[in-house]
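To keep things clear, I will list the structure first and then write my remarks on it.
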Amino acid sequence: VGAGERLMRVAFTVNGKPAEVEVEPRTSLADCLRDRLRLTGTHLGCEHGVCGACTVILDGAAVRSCLMLAVQAEGSRIVTVEGLSRDDGLTPLQTAFKKHHALQCGFCTPGMLTTAHALLTEEPDADADRIRMVLSGNLCRCTGYIPIVEAVLEARAAYRAAPASPHPNPPPPAGEGGPRTASATENPPPQAGEGRVGAGSGAP
Amino acid sequence: MTPVNRYIGSPVERVEDLRFLRGRGEYVGDLTRDGLLHAAILRSPVAHGRIRALDAQPALALAGVHAVITAADIGSGADKVPKIPLRLQTSPATEPFRQPVIAEGRLRYVGEPIAVVLADSAALAEDGVDAIAFDIEQLPPVADRHISGRHEILLFEAAGSNLAMQFTALRGDADAAFAAADYTRRGRFASQRHTALPLEPRGLLAEWDAQAGRLTVSGAAKVPFFNRRALAQMIGLAESAIDLIENDVGGGFGARGEFYPEDFLIPFAARHVGRPVMWIEDRREHLIAMNHARQMDCEVEIACRRDGTILGLRGDIFVDLGAYIRTNGLTAPRNVAQFFSGPYRIPNIRLTSSALVTNKTPTGTYRAPGRCEGSFFCERLIELAAKDLGIDPVEMRRRNLIADAEMPYPLAQVEPGDLYAETECDSGDYAHTLDRCLAEFGWTEKRKLNGRLIDGRYHGVAIACFIEGGGAGPKELARLELERDGSVTVSVGSAAVGQGLETIIAQIAADGLGLSLDQVRVLHGSTTLLADGYGSFHSRSTVLGGSAVWQGAALLLDKIKNAAAARLGCAAAEIEVTEGQAGLRDGPSVALAELAGDRLIADAVFENHHKHTYAYGSAAAHVAVDPGTGHVELIDYLVVEDVGRIVNPLTLHGQVIGATVQGLGGAFMEELVYDANGQLLSGNLADYLIPTATDFPTIRAIALEHRPSPTNPLGVKGAGEGGIIPVGGLMANAVAAALSSFGAEPNELPLSPPRVWQLINPPSS
């Protein structure tokens, strides 16, 4: 711990599981996810909010985990790329990425997937221009974006298929990845001995 | 050998994708170790200076900081700090210009390493960097190649000059051709400094096992075996005591994986403190530390007959090299001279390329090094000549394209020589890709738009032709081993940099062995796999690595057949291998898994010392220019490339589209801007703009395989770089066509809105 830095406890759920960590106040959510929770699918490409590789879904919204402090995520529900699909399966969005060769080195891919998932969850009818506009906040150096847009366009059908469900088929783990309307303040009940601090506060 | 499966040529979905799509890739920054220390690097804040004092004590006093390493720890005395060797274009003349792994006193660019801080976390290490006290005497900076060329301020007094190296490309007798020509024309063109910018910043994890005396370095890429040799020599260990491990790699494009100062410093640090050390570059650091590229300008002449037949090229190219010659720093300066003429038959050439050192980040290769710059210069020059001569730009190009019947066609020879001083285009029907491109693009209709003002924007179209060199030797190694479950593990010396190597190699091996794709596992890159390897550069992995694997598959298949024949008591020639079984047709067979007990291993080396592959193509573009803002919209873009033989149309298409968009970034947006003091002004991704999803949504690519390469058994040609090559010249010529009523001749890149606006509104004189 650095000079004078005291640790703060922060609790949130990640991919449906409760998590509680002690971090320095200056620790970014991205560093917390990667270094403390070992969820290394969330990537850091610039650490100043431009490249989008670190995008996670926080209470339904796509956010840059490099621009948030971990302590700001208190009480929130977070979905990372690891939480998009169950077990060894792929979601329709992931399947479409594979089919359209929408990834090469794979480094931007987690951010592309989380951004596109958040978009299609809210706007399953987004057209190509809208998809391009939303994805323009995520940098990819390999693909030229064209196959990524094609993949997202194709994946729309799966999000339309179940309009009442917050999830495409197969859905991500329960309670995750839903739209903003699924109550951003609703928190899962604390686990025994979890000792949550300030539940329900702190989400940006 | 008759391939059974025909994976080669099929749009096989990539085997890599499953892990990447689920967040299960393993990039170097994803690794961790017990007792891990994190490194951060203090870098020079000035372009040119001398360290007068350096005090690490304030950093060492911080809780969590374990060590600070400076030049004094690495070597005492001026010559003890190791210098990084050149990987390509080696010569004794480069010696004074090589980069020390850490500044010994003299500072020559903003970003040069001064000290390494090791701490319990990256944040604490950065705190340590901030705490180091130092005093620097500033020296006048050599901010550009013009100042450099005056040789008044020297970066290296021992060299006596700022001219690091000069290459000349020669063919025929240029002066005689110019003296006899109907027409000559001079042009001055410039390409701006920009960079490869892979999305994953660099990183290394070094571990020192003191008891075993072994060093393990994760985060290797591109050329791990060369880098191991370099590290072994510099750090004083046997090669066999070092392993370089290749993890998932978030893009290379020529820049990642070369031996940088950190490739010494981090392993040194791990050995110094006896603990694992990780360093992950941040983006600001990346933009001042990783190789820059492309900064060149030229003054060149073309000589033609009145009918447009090109007779000669001559002139000078000047390269702003940055502060040192890095491992491949001379590749672009050399390539721009040899490949300036591109796909065109130009019988007389004398081009001199001068690489001058400046107080900026050193340069290296970026996808199609020197070829992009040369193509831009050449296509502009041809366009200007066609205009002067009143010849249609398509006819001008068609008339001068190298013909199928002229193959193999020798390009200009480069001096001083290297392995490829002499090289020849291997095969191709260049006119065919031109015709196909024109037809698919709808050239005849679209060219009518040239110069027209429609809805407030000026429209223009242009065409360019290109060749793409690939398949550099000298060789590649592969090992194929039959596993106990009947599957085959393929190890190849090629490196994966995000291009889909595992899939390509698996397709080739599966076809060669008659196995299904999921029965083949591909390992690559790391020094633990093979005795030697040559890596991935110059679009060589499919050509060299693929050919080695193809040969290895044939060897392993022979061994399998022999082993099966011995079991079954028949002749090996009677054995067929299908679906995991080796046996007689309609007769007894034995499972491959059973044969694995015989330890069936095939080692193959594919050698190709002097032959390159040359994919080739044509590209056409339609742009619309807003005269009010100078913004250029790309309305349509089509590239047609013949790659000899397509292994995977899906990944090939991805390479071509991706390279094209990178080229568009270079043509319109990307620039590493320095001020007169040598400070980088565009040092983050908010200021250094690369294309986003909204910028260039209309790119089309067609791949052909009419002319297989005669240089390898698969007939493949390197195809990872062609897409980027024609873009600069094409965009400049399309903008010139759009703005012809203004007499605009865009001769400098990037074609940023202010620059295009100035073409429309020249400063009043």
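In the structure tokens, chains take letters A, B, ... by order of appearance, with residues numbered from 1 within each chain and ligands from 1 in the order shown.
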
Looking only at the backbone, which of the residues in range 390-630 of chain B does DSSP tag as helix (DSSP H, G or I), as a short mmCIF file (atom, residue, chain, number, x, y, z; two decimals) with N, CA, C and O atoms, in the first residue's frame?
data_model
loop_
_atom_site.label_atom_id
_atom_site.label_comp_id
_atom_site.auth_asym_id
_atom_site.auth_seq_id
_atom_site.Cartn_x
_atom_site.Cartn_y
_atom_site.Cartn_z
N PRO B 393 -5.21 7.72 -66.98
CA PRO B 393 -4.42 7.13 -65.90
C PRO B 393 -4.44 5.59 -65.89
O PRO B 393 -3.45 4.97 -65.49
N VAL B 394 -5.55 5.00 -66.32
CA VAL B 394 -5.60 3.54 -66.39
C VAL B 394 -4.66 3.04 -67.49
O VAL B 394 -3.88 2.10 -67.29
N GLU B 395 -4.73 3.68 -68.65
CA GLU B 395 -3.88 3.24 -69.77
C GLU B 395 -2.41 3.44 -69.45
O GLU B 395 -1.56 2.63 -69.83
N MET B 396 -2.12 4.53 -68.76
CA MET B 396 -0.73 4.79 -68.35
C MET B 396 -0.21 3.63 -67.50
O MET B 396 0.91 3.14 -67.71
N ARG B 397 -1.04 3.17 -66.61
CA ARG B 397 -0.61 2.08 -65.74
C ARG B 397 -0.56 0.75 -66.50
O ARG B 397 0.39 -0.01 -66.41
N ARG B 398 -1.61 0.50 -67.27
CA ARG B 398 -1.66 -0.77 -68.00
C ARG B 398 -0.44 -0.94 -68.92
O ARG B 398 0.16 -2.01 -68.99
N ARG B 399 -0.08 0.14 -69.57
CA ARG B 399 1.04 0.11 -70.51
C ARG B 399 2.35 -0.29 -69.82
O ARG B 399 3.23 -0.86 -70.44
N ASN B 400 2.44 0.03 -68.54
CA ASN B 400 3.71 -0.20 -67.86
C ASN B 400 3.71 -1.36 -66.87
O ASN B 400 4.72 -1.61 -66.22
N ASP B 404 2.75 -10.99 -67.68
CA ASP B 404 2.83 -12.40 -67.28
C ASP B 404 4.05 -13.07 -67.92
O ASP B 404 4.80 -13.82 -67.28
N ALA B 405 4.27 -12.78 -69.21
CA ALA B 405 5.33 -13.44 -69.96
C ALA B 405 6.72 -13.01 -69.51
O ALA B 405 7.70 -13.67 -69.84
N GLU B 406 6.79 -11.91 -68.77
CA GLU B 406 8.11 -11.42 -68.33
C GLU B 406 8.56 -12.07 -67.01
O GLU B 406 9.65 -11.78 -66.52
N TYR B 430 -0.60 -9.34 -63.87
CA TYR B 430 -0.94 -8.09 -63.20
C TYR B 430 -2.10 -7.38 -63.90
O TYR B 430 -2.95 -6.77 -63.26
N ALA B 431 -2.12 -7.47 -65.23
CA ALA B 431 -3.18 -6.78 -65.97
C ALA B 431 -4.55 -7.37 -65.65
O ALA B 431 -5.57 -6.68 -65.70
N HIS B 432 -4.56 -8.66 -65.31
CA HIS B 432 -5.84 -9.30 -65.00
C HIS B 432 -6.48 -8.69 -63.76
O HIS B 432 -7.70 -8.44 -63.73
N THR B 433 -5.69 -8.47 -62.71
CA THR B 433 -6.30 -7.88 -61.50
C THR B 433 -6.73 -6.44 -61.78
O THR B 433 -7.73 -5.98 -61.22
N LEU B 434 -6.00 -5.76 -62.65
CA LEU B 434 -6.42 -4.39 -63.02
C LEU B 434 -7.77 -4.43 -63.72
O LEU B 434 -8.69 -3.69 -63.36
N ASP B 435 -7.90 -5.30 -64.69
CA ASP B 435 -9.16 -5.39 -65.43
C ASP B 435 -10.32 -5.79 -64.52
O ASP B 435 -11.42 -5.25 -64.60
N ARG B 436 -10.04 -6.77 -63.68
CA ARG B 436 -11.09 -7.23 -62.77
C ARG B 436 -11.53 -6.11 -61.81
O ARG B 436 -12.72 -5.92 -61.55
N CYS B 437 -10.55 -5.39 -61.34
CA CYS B 437 -10.83 -4.28 -60.41
C CYS B 437 -11.67 -3.21 -61.11
O CYS B 437 -12.67 -2.74 -60.56
N LEU B 438 -11.29 -2.84 -62.32
CA LEU B 438 -12.03 -1.81 -63.05
C LEU B 438 -13.47 -2.25 -63.29
O LEU B 438 -14.42 -1.47 -63.14
N ALA B 439 -13.63 -3.52 -63.67
CA ALA B 439 -14.96 -4.02 -63.98
C ALA B 439 -15.84 -4.06 -62.74
O ALA B 439 -16.98 -3.59 -62.74
N GLU B 440 -15.31 -4.62 -61.65
CA GLU B 440 -16.11 -4.76 -60.43
C GLU B 440 -16.40 -3.41 -59.80
O GLU B 440 -17.41 -3.22 -59.13
N PHE B 441 -15.47 -2.49 -59.98
CA PHE B 441 -15.63 -1.16 -59.39
C PHE B 441 -16.65 -0.34 -60.16
O PHE B 441 -17.31 0.54 -59.60
N TRP B 443 -15.68 1.26 -63.09
CA TRP B 443 -14.79 2.39 -63.38
C TRP B 443 -15.35 3.29 -64.48
O TRP B 443 -15.34 4.52 -64.36
N THR B 444 -15.84 2.66 -65.54
CA THR B 444 -16.25 3.45 -66.71
C THR B 444 -17.32 4.46 -66.34
O THR B 444 -17.29 5.61 -66.77
N GLU B 445 -18.25 4.03 -65.49
CA GLU B 445 -19.31 4.94 -65.05
C GLU B 445 -18.79 5.94 -64.03
O GLU B 445 -19.04 7.14 -64.11
N LYS B 446 -18.06 5.41 -63.07
CA LYS B 446 -17.68 6.26 -61.93
C LYS B 446 -16.68 7.34 -62.32
O LYS B 446 -16.65 8.42 -61.74
N ARG B 447 -15.86 7.06 -63.31
CA ARG B 447 -14.85 8.06 -63.67
C ARG B 447 -15.50 9.33 -64.23
O ARG B 447 -14.88 10.39 -64.24
N LYS B 448 -16.76 9.20 -64.67
CA LYS B 448 -17.46 10.38 -65.18
C LYS B 448 -17.73 11.39 -64.05
O LYS B 448 -18.07 12.54 -64.31
N LEU B 449 -17.61 10.91 -62.82
CA LEU B 449 -17.85 11.79 -61.68
C LEU B 449 -16.65 12.70 -61.39
O LEU B 449 -16.75 13.64 -60.61
N LEU B 501 -2.89 -17.70 -37.04
CA LEU B 501 -1.90 -18.70 -37.42
C LEU B 501 -2.33 -20.12 -37.04
O LEU B 501 -2.13 -21.06 -37.80
N GLU B 502 -2.93 -20.27 -35.86
CA GLU B 502 -3.29 -21.62 -35.41
C GLU B 502 -4.25 -22.27 -36.40
O GLU B 502 -4.15 -23.47 -36.69
N THR B 503 -5.19 -21.48 -36.89
CA THR B 503 -6.17 -22.03 -37.83
C THR B 503 -5.51 -22.39 -39.15
O THR B 503 -5.74 -23.49 -39.69
N ILE B 504 -4.70 -21.49 -39.67
CA ILE B 504 -4.06 -21.71 -40.97
C ILE B 504 -3.17 -22.96 -40.91
O ILE B 504 -3.23 -23.83 -41.80
N ILE B 505 -2.37 -23.05 -39.87
CA ILE B 505 -1.45 -24.18 -39.74
C ILE B 505 -2.25 -25.48 -39.54
O ILE B 505 -1.91 -26.54 -40.08
N ALA B 506 -3.32 -25.39 -38.76
CA ALA B 506 -4.15 -26.59 -38.54
C ALA B 506 -4.78 -27.06 -39.84
O ALA B 506 -4.85 -28.27 -40.12
N GLN B 507 -5.23 -26.13 -40.66
CA GLN B 507 -5.82 -26.51 -41.96
C GLN B 507 -4.80 -27.25 -42.82
O GLN B 507 -5.10 -28.27 -43.44
N ILE B 508 -3.59 -26.70 -42.86
CA ILE B 508 -2.55 -27.30 -43.71
C ILE B 508 -2.16 -28.68 -43.17
O ILE B 508 -2.04 -29.65 -43.93
N ALA B 509 -1.99 -28.77 -41.85
CA ALA B 509 -1.59 -30.05 -41.27
C ALA B 509 -2.69 -31.09 -41.43
O ALA B 509 -2.43 -32.26 -41.76
N ALA B 510 -3.94 -30.68 -41.20
CA ALA B 510 -5.05 -31.63 -41.29
C ALA B 510 -5.17 -32.17 -42.71
O ALA B 510 -5.38 -33.38 -42.91
N ASP B 511 -5.03 -31.30 -43.69
CA ASP B 511 -5.09 -31.78 -45.07
C ASP B 511 -3.91 -32.69 -45.40
O ASP B 511 -4.06 -33.72 -46.07
N GLY B 512 -2.75 -32.32 -44.90
CA GLY B 512 -1.56 -33.12 -45.19
C GLY B 512 -1.64 -34.51 -44.58
O GLY B 512 -1.08 -35.47 -45.11
N LEU B 513 -2.33 -34.62 -43.45
CA LEU B 513 -2.38 -35.89 -42.73
C LEU B 513 -3.69 -36.65 -42.94
O LEU B 513 -3.82 -37.80 -42.53
N LEU B 517 -9.91 -31.33 -38.41
CA LEU B 517 -9.28 -30.16 -37.82
C LEU B 517 -9.12 -30.30 -36.30
O LEU B 517 -8.11 -29.87 -35.74
N ASP B 518 -10.10 -30.91 -35.66
CA ASP B 518 -10.01 -31.00 -34.20
C ASP B 518 -9.06 -32.09 -33.72
O ASP B 518 -8.87 -32.29 -32.53
N GLN B 519 -8.46 -32.81 -34.67
CA GLN B 519 -7.44 -33.78 -34.28
C GLN B 519 -6.03 -33.19 -34.38
O GLN B 519 -5.04 -33.88 -34.21
N SER B 541 4.57 -16.39 -42.55
CA SER B 541 4.16 -17.54 -41.73
C SER B 541 3.48 -18.62 -42.55
O SER B 541 3.78 -19.80 -42.40
N THR B 542 2.53 -18.23 -43.38
CA THR B 542 1.83 -19.23 -44.18
C THR B 542 2.78 -19.83 -45.23
O THR B 542 2.75 -21.02 -45.49
N VAL B 543 3.63 -18.98 -45.79
CA VAL B 543 4.54 -19.44 -46.84
C VAL B 543 5.60 -20.38 -46.26
O VAL B 543 5.73 -21.52 -46.70
N LEU B 544 6.34 -19.89 -45.28
CA LEU B 544 7.45 -20.69 -44.74
C LEU B 544 6.97 -21.70 -43.70
O LEU B 544 7.28 -22.89 -43.80
N GLY B 545 6.22 -21.22 -42.72
CA GLY B 545 5.71 -22.12 -41.68
C GLY B 545 4.75 -23.14 -42.27
O GLY B 545 4.81 -24.34 -41.96
N GLY B 546 3.87 -22.67 -43.14
CA GLY B 546 2.91 -23.57 -43.77
C GLY B 546 3.60 -24.63 -44.60
O GLY B 546 3.22 -25.82 -44.57
N SER B 547 4.63 -24.25 -45.32
CA SER B 547 5.35 -25.22 -46.15
C SER B 547 6.11 -26.23 -45.30
O SER B 547 6.17 -27.41 -45.63
N ALA B 548 6.69 -25.76 -44.20
CA ALA B 548 7.39 -26.69 -43.30
C ALA B 548 6.41 -27.70 -42.72
O ALA B 548 6.70 -28.90 -42.62
N VAL B 549 5.23 -27.23 -42.34
CA VAL B 549 4.22 -28.12 -41.78
C VAL B 549 3.72 -29.10 -42.85
O VAL B 549 3.51 -30.29 -42.58
N TRP B 550 3.56 -28.62 -44.05
CA TRP B 550 3.11 -29.48 -45.16
C TRP B 550 4.13 -30.60 -45.39
O TRP B 550 3.77 -31.77 -45.53
N GLN B 551 5.40 -30.23 -45.39
CA GLN B 551 6.45 -31.24 -45.57
C GLN B 551 6.48 -32.20 -44.38
O GLN B 551 6.65 -33.41 -44.54
N GLY B 552 6.34 -31.62 -43.19
CA GLY B 552 6.36 -32.46 -41.99
C GLY B 552 5.20 -33.43 -41.97
O GLY B 552 5.32 -34.58 -41.52
N ALA B 553 4.05 -32.99 -42.48
CA ALA B 553 2.87 -33.87 -42.53
C ALA B 553 3.15 -35.06 -43.44
O ALA B 553 2.78 -36.21 -43.12
N ALA B 554 3.83 -34.80 -44.55
CA ALA B 554 4.15 -35.90 -45.47
C ALA B 554 5.09 -36.90 -44.79
O ALA B 554 4.93 -38.12 -44.93
N LEU B 555 6.06 -36.37 -44.05
CA LEU B 555 7.01 -37.25 -43.35
C LEU B 555 6.30 -38.07 -42.28
O LEU B 555 6.55 -39.27 -42.13
N LEU B 556 5.43 -37.42 -41.52
CA LEU B 556 4.73 -38.14 -40.45
C LEU B 556 3.79 -39.18 -41.05
O LEU B 556 3.68 -40.30 -40.52
N LEU B 557 3.16 -38.83 -42.14
CA LEU B 557 2.25 -39.78 -42.79
C LEU B 557 3.02 -41.03 -43.22
O LEU B 557 2.54 -42.16 -43.07
N ASP B 558 4.21 -40.84 -43.75
CA ASP B 558 5.06 -41.98 -44.12
C ASP B 558 5.35 -42.85 -42.92
O ASP B 558 5.30 -44.08 -42.98
N LYS B 559 5.68 -42.20 -41.81
CA LYS B 559 6.01 -42.96 -40.60
C LYS B 559 4.78 -43.73 -40.11
O LYS B 559 4.89 -44.87 -39.65
N ILE B 560 3.64 -43.07 -40.17
CA ILE B 560 2.40 -43.74 -39.74
C ILE B 560 2.14 -44.96 -40.64
O ILE B 560 1.80 -46.05 -40.15
N LYS B 561 2.32 -44.77 -41.93
CA LYS B 561 2.06 -45.88 -42.86
C LYS B 561 3.03 -47.03 -42.63
O LYS B 561 2.64 -48.21 -42.65
N ASN B 562 4.29 -46.69 -42.40
CA ASN B 562 5.27 -47.74 -42.13
C ASN B 562 4.94 -48.52 -40.86
O ASN B 562 5.01 -49.75 -40.82
N ALA B 563 4.55 -47.73 -39.83
CA ALA B 563 4.23 -48.38 -38.56
C ALA B 563 2.99 -49.27 -38.71
O ALA B 563 2.94 -50.40 -38.18
N ALA B 564 2.00 -48.77 -39.43
CA ALA B 564 0.78 -49.56 -39.62
C ALA B 564 1.06 -50.80 -40.47
O ALA B 564 0.54 -51.89 -40.19
N ALA B 565 1.90 -50.62 -41.49
CA ALA B 565 2.23 -51.75 -42.36
C ALA B 565 2.93 -52.85 -41.57
O ALA B 565 2.67 -54.05 -41.76
N ALA B 566 3.80 -52.44 -40.64
CA ALA B 566 4.50 -53.43 -39.82
C ALA B 566 3.52 -54.21 -38.95
O ALA B 566 3.64 -55.43 -38.77
N ARG B 567 2.52 -53.47 -38.41
CA ARG B 567 1.52 -54.16 -37.58
C ARG B 567 0.65 -55.11 -38.41
O ARG B 567 0.29 -56.18 -37.95
N LEU B 568 0.31 -54.66 -39.58
CA LEU B 568 -0.67 -55.40 -40.38
C LEU B 568 -0.02 -56.38 -41.34
O LEU B 568 -0.71 -57.13 -42.04
N ALA B 572 3.76 -50.58 -46.94
CA ALA B 572 3.35 -49.24 -46.54
C ALA B 572 2.53 -48.56 -47.62
O ALA B 572 1.61 -47.78 -47.34
N ALA B 573 2.86 -48.87 -48.85
CA ALA B 573 2.16 -48.22 -49.97
C ALA B 573 0.68 -48.59 -50.01
O ALA B 573 -0.13 -47.89 -50.62
N GLU B 574 0.35 -49.69 -49.37
CA GLU B 574 -1.06 -50.13 -49.39
C GLU B 574 -1.90 -49.44 -48.32
O GLU B 574 -3.13 -49.54 -48.33
N LEU B 592 -4.81 -44.86 -35.05
CA LEU B 592 -3.61 -44.03 -34.90
C LEU B 592 -3.16 -43.97 -33.45
O LEU B 592 -1.97 -43.92 -33.15
N ALA B 593 -4.13 -43.98 -32.54
CA ALA B 593 -3.79 -43.92 -31.12
C ALA B 593 -2.89 -45.09 -30.72
O ALA B 593 -1.99 -44.94 -29.89
N GLU B 594 -3.12 -46.24 -31.32
CA GLU B 594 -2.29 -47.41 -30.99
C GLU B 594 -0.86 -47.24 -31.50
O GLU B 594 0.09 -47.73 -30.91
N LEU B 595 -0.72 -46.53 -32.63
CA LEU B 595 0.61 -46.35 -33.21
C LEU B 595 1.45 -45.33 -32.44
O LEU B 595 2.66 -45.26 -32.60
N ALA B 596 0.77 -44.51 -31.62
CA ALA B 596 1.49 -43.45 -30.92
C ALA B 596 2.56 -44.01 -30.00
O ALA B 596 3.54 -43.33 -29.70
N GLY B 597 2.38 -45.22 -29.55
CA GLY B 597 3.39 -45.85 -28.71
C GLY B 597 4.74 -45.95 -29.40
O GLY B 597 5.79 -46.05 -28.75
N ASP B 598 4.75 -45.91 -30.71
CA ASP B 598 6.01 -45.98 -31.46
C ASP B 598 6.75 -44.64 -31.47
O ASP B 598 7.79 -44.52 -32.10
#

Go through chain B residue by residue and, counting only C-alpha atoms, keep those with an atom at most 6 Å from chain A; for each kept residue give the shortest atom pair and its distance in Å to one decimal, ordered by chain and increasing number, as a tab-separated table.
residue	atom	partner	partner_atom	distance
B:Phe20	CA	A:Gly106	CA	5.4
B:Arg22	CA	A:Glu82	CA	5.4
B:Gly23	CA	A:Gly41	CA	3.8
B:Asp30	CA	A:Thr40	CA	5.6
B:Leu199	CA	A:Gly45	CA	5.7
B:Glu200	CA	A:Gly45	CA	5.6
B:Gly250	CA	A:Cys105	CA	4.8
B:Gly251	CA	A:Cys105	CA	5.4
B:Arg283	CA	A:Cys46	CA	5.0
B:Gly498	CA	A:Cys105	CA	3.6
B:Gln499	CA	A:Gln104	CA	5.7
B:Gly654	CA	A:Thr143	CA	5.9
B:Ile657	CA	A:Gly144	CA	5.9
B:Gly658	CA	A:Thr143	CA	4.4
B:Val661	CA	A:Gly144	CA	5.2
B:Thr692	CA	A:Ser136	CA	5.0
B:Ala693	CA	A:Ser136	CA	4.7
B:Thr694	CA	A:Arg132	CA	5.4

Exercise for review: May I have the residues within 7 Å of Val640 in chain B as an MDAnalysis selection string, using only C-alpha atoms and disregarding those fewer than 3 positions away in the same chain?
Suggested key: chainID B and resid 433 437 617:619 701:703

Print the selection's residues with N, CA and C atoms to a file, as a short mmCIF file (atom, residue, chain, number, x, y, z; two decimals), in the first residue's frame.
data_model
loop_
_atom_site.label_atom_id
_atom_site.label_comp_id
_atom_site.auth_asym_id
_atom_site.auth_seq_id
_atom_site.Cartn_x
_atom_site.Cartn_y
_atom_site.Cartn_z
N THR B 433 -5.69 -8.47 -62.71
CA THR B 433 -6.30 -7.88 -61.50
C THR B 433 -6.73 -6.44 -61.78
N CYS B 437 -10.55 -5.39 -61.34
CA CYS B 437 -10.83 -4.28 -60.41
C CYS B 437 -11.67 -3.21 -61.11
N GLY B 617 -1.92 -6.83 -57.00
CA GLY B 617 -3.32 -6.45 -57.13
C GLY B 617 -3.51 -5.04 -57.61
N SER B 618 -4.78 -4.67 -57.65
CA SER B 618 -5.18 -3.32 -58.04
C SER B 618 -6.29 -2.87 -57.10
N ALA B 619 -6.34 -1.58 -56.88
CA ALA B 619 -7.38 -1.03 -56.01
C ALA B 619 -7.93 0.23 -56.64
N ALA B 701 -13.34 -6.31 -50.98
CA ALA B 701 -12.10 -6.99 -51.36
C ALA B 701 -12.41 -8.28 -52.10
N ILE B 702 -11.66 -8.53 -53.15
CA ILE B 702 -11.80 -9.77 -53.91
C ILE B 702 -10.43 -10.43 -53.96
N ALA B 703 -10.41 -11.70 -53.62
CA ALA B 703 -9.14 -12.43 -53.65
C ALA B 703 -9.15 -13.44 -54.80
#

Exercise for review: Extract, using only C-alpha atoms, all DNA, RNA and protein residues at most 10 Å from Gly254 in chain B, discarding same-chain residues fewer than 2 positions from it, and format them as a VMD selection string.
Suggested key: chain B and resid 195 to 198 222 251 to 252 256 to 258 291 293 328 364 to 369 497 536 to 539
